[in-house]
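One file, protein_2.csv, carrying CSV, C-alpha atoms and all ligand atoms:
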chain,number,residue,atom,x,y,z
A,1,MET,CA,-10.5,26.1,8.7
A,2,PRO,CA,-12.5,29.3,9.5
A,3,ALA,CA,-11.7,31.4,12.6
A,4,PHE,CA,-15.0,30.6,14.2
A,5,ASP,CA,-14.1,26.9,14.4
A,6,LEU,CA,-10.8,27.7,16.0
A,7,GLU,CA,-12.5,29.8,18.6
A,8,GLU,CA,-15.0,27.0,19.3
A,9,LEU,CA,-12.1,24.6,19.6
A,10,VAL,CA,-10.3,26.8,22.1
A,11,ALA,CA,-13.5,27.3,24.2
A,12,GLY,CA,-14.0,23.5,24.1
A,13,ILE,CA,-10.5,22.7,25.2
A,14,LEU,CA,-10.7,25.2,28.0
A,15,GLN,CA,-13.8,23.4,29.2
A,16,GLY,CA,-11.9,20.1,29.1
A,17,SER,CA,-13.6,18.7,26.0
A,18,ARG,CA,-11.5,15.8,24.6
A,19,ARG,CA,-13.4,15.9,21.4
A,20,HIS,CA,-12.4,19.5,20.8
A,21,LEU,CA,-8.8,18.7,21.8
A,22,GLY,CA,-8.7,15.9,19.1
A,23,ARG,CA,-10.1,18.3,16.5
A,24,ALA,CA,-7.6,20.9,17.4
A,25,ILE,CA,-4.7,18.5,16.8
A,26,THR,CA,-6.3,17.4,13.5
A,27,ALA,CA,-6.5,21.1,12.5
A,28,VAL,CA,-2.7,21.5,13.2
A,29,GLU,CA,-2.0,18.3,11.4
A,30,GLU,CA,-3.7,19.7,8.3
A,31,ASP,CA,-2.3,23.2,8.5
A,32,GLU,CA,0.3,24.3,11.0
A,33,SER,CA,-0.8,27.9,10.9
A,34,ALA,CA,-4.0,26.8,12.8
A,35,ALA,CA,-1.8,26.6,15.8
A,36,ASP,CA,-1.3,30.4,15.9
A,37,ASP,CA,-5.0,31.1,16.9
A,38,LEU,CA,-5.2,28.0,19.0
A,39,LEU,CA,-2.1,28.8,21.1
A,40,ALA,CA,-3.1,32.5,21.3
A,41,GLY,CA,-6.4,31.4,22.8
A,42,LEU,CA,-4.9,28.8,25.2
A,43,PRO,CA,-3.1,30.5,28.0
A,44,GLY,CA,-0.9,28.6,30.4
A,45,SER,CA,2.4,27.0,30.5
A,46,SER,CA,4.3,25.1,28.0
A,47,ASN,CA,6.1,23.6,30.9
A,48,SER,CA,5.0,20.1,30.7
A,49,PHE,CA,7.7,17.4,30.3
A,50,ARG,CA,8.1,15.8,26.8
A,51,ILE,CA,9.7,12.4,26.7
A,52,GLY,CA,10.4,10.8,23.3
A,53,LEU,CA,10.6,7.0,23.2
A,54,THR,CA,12.0,5.8,20.0
A,55,GLY,CA,13.2,2.4,18.7
A,56,ALA,CA,12.9,-0.1,15.9
A,57,PRO,CA,9.5,-1.5,15.0
A,58,GLY,CA,8.4,-4.1,17.4
A,59,VAL,CA,10.9,-3.3,20.2
A,60,GLY,CA,8.0,-2.9,22.5
A,61,LYS,CA,7.5,0.9,22.8
A,62,SER,CA,3.7,0.8,22.9
A,63,THR,CA,3.7,-2.1,25.4
A,64,LEU,CA,6.0,-0.2,27.8
A,65,ILE,CA,4.0,3.0,27.4
A,66,SER,CA,0.8,1.1,28.2
A,67,GLN,CA,2.4,0.0,31.5
A,68,LEU,CA,3.9,3.3,32.3
A,69,VAL,CA,0.7,5.4,31.8
A,70,PRO,CA,-1.3,3.9,34.7
A,71,LYS,CA,1.7,4.2,37.0
A,72,LEU,CA,2.1,7.9,36.1
A,73,LEU,CA,-1.7,8.5,36.5
A,74,ASN,CA,-1.6,6.9,39.9
A,75,ARG,CA,1.0,9.5,40.9
A,76,GLY,CA,-1.4,12.2,40.0
A,77,GLU,CA,0.0,13.1,36.6
A,78,ARG,CA,-2.1,13.8,33.5
A,79,VAL,CA,-0.4,12.0,30.6
A,80,ALA,CA,-0.8,12.4,26.9
A,81,VAL,CA,0.7,10.0,24.3
A,82,LEU,CA,1.5,11.0,20.8
A,83,ALA,CA,2.3,8.1,18.5
A,84,ILE,CA,4.0,9.3,15.3
A,85,ASP,CA,2.6,7.5,12.3
A,86,PRO,CA,5.4,6.4,10.1
A,87,THR,CA,5.2,7.5,6.5
A,88,SER,CA,4.4,4.0,5.2
A,89,PRO,CA,0.7,3.2,4.7
A,90,LEU,CA,1.7,-0.4,5.5
A,91,SER,CA,1.9,0.6,9.2
A,92,GLY,CA,-1.8,1.1,9.5
A,93,GLY,CA,-2.3,-2.2,11.2
A,94,ALA,CA,0.3,-1.6,13.9
A,95,LEU,CA,-1.1,1.8,14.7
A,96,LEU,CA,-4.5,0.4,15.0
A,97,GLY,CA,-3.0,-2.1,17.4
A,98,ASP,CA,-1.4,0.7,19.4
A,99,ARG,CA,-4.7,2.5,19.6
A,100,VAL,CA,-6.5,-0.5,20.9
A,101,ARG,CA,-3.9,-1.3,23.5
A,102,LEU,CA,-3.7,2.2,24.8
A,103,SER,CA,-7.2,3.5,24.6
A,104,GLY,CA,-8.6,1.1,27.3
A,105,ASP,CA,-10.0,2.4,30.5
A,106,LEU,CA,-7.3,5.0,31.3
A,107,GLY,CA,-9.8,7.7,32.3
A,108,GLU,CA,-9.8,11.4,31.9
A,109,GLY,CA,-6.2,11.9,33.0
A,110,ALA,CA,-4.8,10.1,29.9
A,111,TRP,CA,-5.0,10.9,26.2
A,112,PHE,CA,-3.8,9.0,23.2
A,113,ARG,CA,-3.4,10.2,19.7
A,114,SER,CA,-1.5,9.2,16.6
A,115,ILE,CA,-0.1,11.8,14.2
A,116,ALA,CA,0.3,11.3,10.5
A,117,SER,CA,3.7,12.3,9.2
A,118,ARG,CA,2.5,12.8,5.6
A,119,GLY,CA,5.9,11.9,4.2
A,120,SER,CA,7.7,15.1,5.3
A,121,THR,CA,10.2,15.1,8.0
A,122,SER,CA,9.7,18.8,8.8
A,123,GLY,CA,6.0,18.2,8.7
A,124,VAL,CA,6.0,15.6,11.3
A,125,ALA,CA,8.5,17.5,13.6
A,126,GLY,CA,6.4,20.7,13.3
A,127,CYS,CA,3.2,18.9,13.9
A,128,THR,CA,4.5,17.0,16.9
A,129,ASP,CA,5.9,20.1,18.5
A,130,LEU,CA,2.6,22.0,18.0
A,131,ALA,CA,0.4,19.1,19.1
A,132,ALA,CA,2.6,18.7,22.2
A,133,GLU,CA,2.3,22.4,22.9
A,134,ILE,CA,-1.5,22.2,22.6
A,135,LEU,CA,-1.6,19.2,25.0
A,136,ALA,CA,0.6,21.1,27.4
A,137,ARG,CA,-1.7,24.1,27.4
A,138,ALA,CA,-4.6,21.6,27.9
A,139,GLY,CA,-3.0,20.6,31.1
A,140,PHE,CA,-1.1,17.4,30.4
A,141,GLY,CA,2.0,17.4,32.5
A,142,ILE,CA,3.8,14.5,30.8
A,143,ILE,CA,3.7,14.0,27.1
A,144,ILE,CA,5.1,10.8,25.8
A,145,ILE,CA,6.0,10.8,22.1
A,146,GLU,CA,6.4,7.4,20.5
A,147,THR,CA,8.4,7.3,17.2
A,148,VAL,CA,9.2,4.3,15.2
A,149,GLY,CA,12.6,3.6,13.7
A,150,VAL,CA,16.0,5.0,14.1
A,151,GLY,CA,16.7,7.4,11.2
A,152,GLN,CA,16.6,11.0,10.2
A,153,LEU,CA,12.9,11.4,11.0
A,154,GLU,CA,13.2,10.1,14.5
A,155,VAL,CA,16.2,12.3,15.2
A,156,GLU,CA,14.2,15.4,14.1
A,157,VAL,CA,11.2,14.4,16.2
A,158,GLY,CA,13.6,13.6,19.1
A,159,GLN,CA,14.7,17.3,19.0
A,160,GLU,CA,11.1,18.3,19.9
A,161,THR,CA,11.3,16.6,23.2
A,162,ASP,CA,13.0,17.4,26.6
A,163,GLN,CA,14.5,13.9,26.8
A,164,ALA,CA,14.9,11.3,24.0
A,165,TRP,CA,15.2,7.7,25.1
A,166,LEU,CA,16.1,4.8,22.8
A,167,LEU,CA,14.7,1.3,23.3
A,168,LEU,CA,16.9,-1.6,22.2
A,169,SER,CA,16.0,-5.3,22.5
A,170,PRO,CA,18.3,-8.3,22.3
A,171,GLU,CA,16.4,-9.7,19.3
A,172,SER,CA,16.5,-6.6,17.1
A,173,GLY,CA,20.3,-6.7,16.7
A,174,ASP,CA,20.6,-3.1,15.7
A,175,ALA,CA,22.9,-1.8,18.4
A,176,ILE,CA,26.1,-1.6,16.3
A,177,GLN,CA,24.2,-0.1,13.4
A,178,LEU,CA,23.0,2.7,15.7
A,179,LEU,CA,26.4,3.4,17.0
A,180,LYS,CA,27.6,3.8,13.4
A,181,ALA,CA,24.7,6.0,12.5
A,182,GLY,CA,25.5,8.4,15.3
A,183,VAL,CA,22.1,8.0,16.8
A,184,LEU,CA,23.4,7.4,20.3
A,185,GLU,CA,24.8,10.9,20.3
A,186,ILE,CA,21.4,12.5,20.5
A,187,VAL,CA,19.9,9.9,22.9
A,188,ASP,CA,19.7,10.8,26.5
A,189,ARG,CA,19.2,7.3,27.8
A,190,ILE,CA,19.0,3.7,26.6
A,191,ILE,CA,16.3,1.3,27.7
A,192,VAL,CA,17.4,-2.4,27.3
A,193,HIS,CA,13.9,-3.7,26.6
A,194,LYS,CA,12.7,-7.3,26.5
A,195,PHE,CA,15.1,-8.0,29.2
A,196,ASP,CA,13.4,-11.4,29.6
A,197,ARG,CA,14.8,-12.5,26.2
A,198,PRO,CA,18.1,-14.3,25.7
A,199,GLY,CA,21.1,-12.0,24.9
A,200,ALA,CA,19.8,-9.3,27.2
A,201,ASP,CA,22.8,-9.3,29.5
A,202,GLU,CA,25.2,-8.8,26.7
A,203,LEU,CA,23.1,-6.0,25.2
A,204,MET,CA,23.1,-4.4,28.7
A,205,ARG,CA,26.9,-4.5,28.9
A,206,TRP,CA,27.2,-3.0,25.4
A,207,SER,CA,24.7,-0.3,26.3
A,208,GLN,CA,26.5,0.5,29.6
A,209,GLU,CA,29.7,1.0,27.7
A,210,ALA,CA,28.0,3.2,25.1
A,211,ALA,CA,26.4,5.3,27.9
A,212,ARG,CA,29.8,5.7,29.5
A,213,ASP,CA,31.3,6.8,26.2
A,214,GLN,CA,28.5,9.3,25.6
A,215,GLU,CA,28.4,10.4,29.3
A,216,THR,CA,24.7,9.7,29.5
A,217,ALA,CA,22.7,8.2,32.3
A,218,ASP,CA,22.9,4.5,33.0
A,219,PRO,CA,20.8,2.3,30.8
A,220,ILE,CA,17.7,0.7,32.5
A,221,ALA,CA,16.9,-3.0,32.1
A,222,VAL,CA,13.2,-3.4,31.4
A,223,SER,CA,10.8,-6.2,30.6
A,224,SER,CA,7.2,-5.2,30.0
A,225,HIS,CA,6.3,-8.9,30.1
A,226,ASP,CA,7.6,-9.7,33.6
A,227,GLY,CA,7.5,-6.1,34.9
A,228,THR,CA,11.3,-5.8,35.5
A,229,GLY,CA,12.4,-2.1,35.6
A,230,VAL,CA,9.0,-0.6,34.7
A,231,ASP,CA,8.7,1.1,38.1
A,232,THR,CA,12.3,2.4,37.8
A,233,VAL,CA,11.4,3.9,34.4
A,234,ALA,CA,8.2,5.5,35.9
A,235,GLU,CA,10.2,6.9,38.8
A,236,GLU,CA,12.9,8.3,36.6
A,237,LEU,CA,10.3,10.0,34.4
A,238,LEU,CA,8.6,11.6,37.4
A,239,LYS,CA,11.9,12.8,38.7
A,240,LEU,CA,12.8,14.3,35.3
A,241,ALA,CA,9.4,15.9,34.9
A,242,GLN,CA,9.7,17.5,38.3
A,243,LEU,CA,13.2,18.7,37.6
A,244,HIS,CA,12.1,20.1,34.3
A,245,ARG,CA,9.2,22.0,35.8
A,246,GLY,CA,11.4,23.4,38.5
A,247,SER,CA,14.1,24.5,36.2
A,248,PRO,CA,13.4,24.0,32.5
A,249,ASP,CA,16.5,24.0,30.2
A,250,PRO,CA,16.3,27.5,28.5
A,251,ALA,CA,18.7,26.5,25.8
A,252,ARG,CA,16.5,23.5,24.8
A,253,ILE,CA,13.3,25.6,24.9
A,254,GLN,CA,14.9,28.4,22.9
A,255,ALA,CA,16.1,25.9,20.3
A,256,ARG,CA,12.6,24.5,19.9
A,257,ILE,CA,11.1,27.9,19.5
A,258,LEU,CA,13.7,28.8,17.0
A,259,ARG,CA,12.9,25.7,15.0
A,260,ARG,CA,9.2,26.5,15.2
A,261,ILE,CA,9.8,30.1,13.8
A,262,ARG,CA,12.2,28.8,11.1
A,263,ARG,CA,9.8,26.1,9.9
A,264,ARG,CA,6.9,28.5,9.5
A,265,ALA,CA,9.2,31.1,7.9
A,266,GLU,CA,10.5,28.6,5.4
A,267,GLN,CA,7.0,27.6,4.4
A,268,VAL,CA,6.2,31.3,3.7
A,269,TRP,CA,9.5,31.9,1.9
A,270,LEU,CA,9.1,28.9,-0.3
A,271,ARG,CA,5.6,30.0,-1.3
A,272,GLN,CA,6.7,33.6,-1.9
A,273,GLY,CA,9.8,32.5,-3.8
A,274,LEU,CA,7.8,30.1,-6.0
A,275,ASP,CA,5.1,32.7,-6.7
A,276,ALA,CA,7.8,35.3,-7.6
A,277,ALA,CA,9.4,32.8,-10.0
A,278,GLY,CA,6.2,32.0,-11.8
A,279,GLY,CA,5.0,29.0,-9.7
A,280,CYS,CA,5.2,25.3,-10.4
A,281,ALA,CA,3.9,25.8,-13.9
A,282,ARG,CA,7.0,27.8,-14.7
A,283,MET,CA,9.3,25.1,-13.4
A,284,GLU,CA,7.5,22.5,-15.5
A,285,GLU,CA,7.9,24.7,-18.5
A,286,LEU,CA,11.6,25.1,-17.9
A,287,ALA,CA,12.0,21.4,-17.3
A,288,SER,CA,10.4,20.6,-20.6
A,289,SER,CA,12.8,23.1,-22.3
A,290,VAL,CA,15.7,21.2,-20.8
A,291,VAL,CA,14.3,17.9,-22.1
A,292,ARG,CA,13.9,19.5,-25.6
A,293,GLY,CA,17.6,20.4,-25.5
A,294,GLU,CA,16.9,24.2,-25.5
A,295,MET,CA,18.8,24.8,-22.2
A,296,THR,CA,20.8,23.1,-19.5
A,297,VAL,CA,19.6,22.5,-16.0
A,298,ARG,CA,21.9,25.2,-14.8
A,299,GLU,CA,20.4,27.7,-17.3
A,300,ALA,CA,16.9,26.6,-16.3
A,301,LEU,CA,17.8,27.3,-12.7
A,302,ASP,CA,19.3,30.7,-13.4
A,303,THR,CA,16.2,31.6,-15.4
A,304,LEU,CA,13.9,30.6,-12.6
A,305,LEU,CA,15.8,32.4,-9.9
A,306,THR,CA,16.7,35.6,-11.7
A,307,GLY,CA,14.9,36.0,-14.9
A,308,PRO,CA,11.5,37.8,-15.4
A,309,HIS,CA,9.0,35.1,-16.4
A,310,ASP,CA,8.5,36.0,-20.0
A,311,GLU,CA,12.0,36.3,-21.2
A,312,GLY,CA,13.8,33.5,-19.4
A,313,ILE,CA,13.6,30.7,-22.0
A,314,SER,CA,15.2,32.8,-24.9
A,315,ARG,CA,18.2,33.8,-22.7
B,401,LIG,N1,9.5,-10.9,25.4
B,401,LIG,C1,9.0,-9.7,25.4
B,401,LIG,N2,8.2,-9.2,24.5
B,401,LIG,C2,7.7,-8.0,24.5
B,401,LIG,C3,8.0,-7.1,25.6
B,401,LIG,N3,7.4,-5.9,25.4
B,401,LIG,C4,6.7,-6.1,24.2
B,401,LIG,N4,6.8,-7.3,23.7
B,401,LIG,C5,6.2,-7.9,22.5
B,401,LIG,O1,6.8,-7.2,21.4
B,401,LIG,C6,5.8,-7.1,20.3
B,401,LIG,C7,5.8,-5.7,19.8
B,401,LIG,O2,5.4,-4.8,20.9
B,401,LIG,P1,4.9,-3.3,20.6
B,401,LIG,O3,4.7,-2.7,21.9
B,401,LIG,O4,3.8,-3.3,19.6
B,401,LIG,O5,6.2,-2.7,19.9
B,401,LIG,P2,6.4,-1.2,19.3
B,401,LIG,O6,7.8,-0.9,19.5
B,401,LIG,O7,5.3,-0.3,19.8
B,401,LIG,O8,6.1,-1.5,17.8
B,401,LIG,P3,5.7,-0.5,16.6
B,401,LIG,O9,4.8,0.6,17.1
B,401,LIG,O10,5.1,-1.3,15.5
B,401,LIG,O11,7.0,0.1,16.2
B,401,LIG,C8,4.5,-7.5,21.0
B,401,LIG,O12,4.2,-8.8,20.5
B,401,LIG,C9,4.7,-7.5,22.4
B,401,LIG,O13,4.0,-8.4,23.1
B,401,LIG,C10,8.9,-7.6,26.6
B,401,LIG,O14,9.3,-6.9,27.5
B,401,LIG,N5,9.4,-8.8,26.5
B,402,MG,MG,4.0,1.0,18.8
Rewrite the coordinates I just gave you, this time as structure tokens.
Ligand SMILES: Nc1nc2c(ncn2[C@@H]2O[C@H](COP(=O)(O)OP(=O)(O)OP(=O)(O)O)[C@@H](O)[C@H]2O)c(=O)[nH]1
Ligand SMILES: [Mg+2]
Amino acid sequence: MPAFDLEELVAGILQGSRRHLGRAITAVEEDESAADDLLAGLPGSSNSFRIGLTGAPGVGKSTLISQLVPKLLNRGERVAVLAIDPTSPLSGGALLGDRVRLSGDLGEGAWFRSIASRGSTSGVAGCTDLAAEILARAGFGIIIIETVGVGQLEVEVGQETDQAWLLLSPESGDAIQLLKAGVLEIVDRIIVHKFDRPGADELMRWSQEAARDQETADPIAVSSHDGTGVDTVAEELLKLAQLHRGSPDPARIQARILRRIRRRAEQVWLRQGLDAAGGCARMEELASSVVRGEMTVREALDTLLTGPHDEGISR
């Protein structure tokens, strides 16, 4: 995207244009380096509070968010929601559903956007971080990040937030699996969602025990259908947001900036390294030499990493 467009986007965002904000996030989704100019042009704090809500598909993340947002708006907050589009194209329907549920008449204080992960874990983490940073500079004080599933991807995205909360529901039956996968170790709080469903009490007891083990805050029992606990969640978020603004955790912020620098550097190093080695065409050439029995994979690798392009194969 040419520089002029980025300038235009910055000017638009500074004037409060939602259309420009949307286009800026698309620009970052397409190319993370667009964020350099965008962030340079957008002054202000990165001090908004980022909360990650993660959980298995269908656990009710979007439903809970759609109930939380109006409550937070009523308390004078500006709230942005980023829903991370899982890699599978099959999820298109669910995302559309999210959009419909959340894009209602929430007014100027709320913003909703989904982010495509394009199949790369670092891609989605980087993009989420930068999109959240742009939203913070655009004046959104609370940024809710919805991620689907409980694997590597969500863990990485969870690291881009100030708090990562995990939704469990009695019907998903994934609690034990999570414990085994070590997911609870990076979760700041468990929400026992769909508390109206059978088995919720038992899941609550299990979650309380897990929270004690991990020395994290008490789980909250929530039903987005009958309203149980939704006010508690909203109050907790407001409290944490205030706390964060008053005294942000420097270690967490530094870790996030470190990841931002490293991701960008890795992209440059990869490109430079590949160019120096003769590019993808050279790798393909070496792979076909291996297939023809002219060299081993180890020799192909050595040639790629050390040899000048034109003498490698004969070595
Ligand atoms: N019983 C009950 N059902 C709920 C509750 N919250 C949401 N649901 C239902 O659960 C289903 C899934 O809700 P979503 O909010 O789309 O879940 P999600 O976690 O955002 O799903 P994905 O984005 O697809 O991962 C919907 O049919 C909701 O009506 C709840 O508190 N109790
Ligand atoms: Mg959802």
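Nearest-residue note for Leu167 of chain A: choosing from A:Pro70, A:Trp269, A:Leu14, A:Ala56, the minimum distance belongs to A:Ala56, counting all atoms listed in the file.
The interatomic distance for the pair atom CA of Leu38 of chain A and atom CA of His244 of chain A works out to 24.4 Å.
In this model, the gap between atom CA of Ala277 of chain A and atom CA of Leu301 of chain A comes to 10.4 Å.
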Q) Which residues form the shell of 6 Å around ligand LIG 401 (chain B) when you count only C-alpha atoms and all ligand atoms, given as a ChimeraX atom specification? A) /A:56-63,94,148,193-194,196-197,223-225
Output C-alpha atoms for every residue in that selection, as a PDB file, in the frame of the given file.
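Written out: selection25.pdb:
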ATOM      1  CA  ALA A  56      12.900  -0.100  15.900  1.00  0.00           C
ATOM      2  CA  PRO A  57       9.500  -1.500  15.000  1.00  0.00           C
ATOM      3  CA  GLY A  58       8.400  -4.100  17.400  1.00  0.00           C
ATOM      4  CA  VAL A  59      10.900  -3.300  20.200  1.00  0.00           C
ATOM      5  CA  GLY A  60       8.000  -2.900  22.500  1.00  0.00           C
ATOM      6  CA  LYS A  61       7.500   0.900  22.800  1.00  0.00           C
ATOM      7  CA  SER A  62       3.700   0.800  22.900  1.00  0.00           C
ATOM      8  CA  THR A  63       3.700  -2.100  25.400  1.00  0.00           C
ATOM      9  CA  ALA A  94       0.300  -1.600  13.900  1.00  0.00           C
ATOM     10  CA  VAL A 148       9.200   4.300  15.200  1.00  0.00           C
ATOM     11  CA  HIS A 193      13.900  -3.700  26.600  1.00  0.00           C
ATOM     12  CA  LYS A 194      12.700  -7.300  26.500  1.00  0.00           C
ATOM     13  CA  ASP A 196      13.400 -11.400  29.600  1.00  0.00           C
ATOM     14  CA  ARG A 197      14.800 -12.500  26.200  1.00  0.00           C
ATOM     15  CA  SER A 223      10.800  -6.200  30.600  1.00  0.00           C
ATOM     16  CA  SER A 224       7.200  -5.200  30.000  1.00  0.00           C
ATOM     17  CA  HIS A 225       6.300  -8.900  30.100  1.00  0.00           C
TER      18      HIS A 225
END
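One distance worth recording is that between atom CA of Ala116 of chain A and atom CA of Ala11 of chain A, which is 25.2 Å.
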Q) Out of A:Ile191, A:Ala138, A:Ile84, A:Ala164, which residue has the shortest atom-to-atom distance to Leu240 of chain A when counting all atoms listed in the file? A) A:Ala164
(Q) Taking 4 positions as the minimum chain separation for residues in the same chain, which residues sit within 12 Å of Glu7 of chain A when counting all atoms listed in the file? Answer as a count of residues only. (A) 19
Ser289 of chain A: which residues within 9 Å, counting only C-alpha atoms, same-chain residues fewer than 5 positions away excluded, as a tab-separated table (two decimals) with C-alpha atoms, keeping the file's coordinate frame?
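After the write, part_12.tsv holds the following:
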chain	number	residue	atom	x	y	z
A	284	GLU	CA	7.50	22.50	-15.50
A	294	GLU	CA	16.90	24.20	-25.50
A	295	MET	CA	18.80	24.80	-22.20
A	296	THR	CA	20.80	23.10	-19.50
A	300	ALA	CA	16.90	26.60	-16.30
A	313	ILE	CA	13.60	30.70	-22.00
Q. Could you pull the residues within 7 Å of Ser114 of chain A, counting only C-alpha atoms, minus those fewer than 5 positions along the same chain, as a ChimeraX atom specification?
A. /A:82-85
For the residues in the current selection, export C-alpha atoms as a PDB file, in the frame of the given file.
ATOM      1  CA  LEU A  82       1.500  11.000  20.800  1.00  0.00           C
ATOM      2  CA  ALA A  83       2.300   8.100  18.500  1.00  0.00           C
ATOM      3  CA  ILE A  84       4.000   9.300  15.300  1.00  0.00           C
ATOM      4  CA  ASP A  85       2.600   7.500  12.300  1.00  0.00           C
TER       5      ASP A  85
END
**Q.** Distance query Val233 of chain A at most 10 Å, only C-alpha atoms, self and fewer than 2 positions along chain excluded, as a count of residues only
**A.** 15
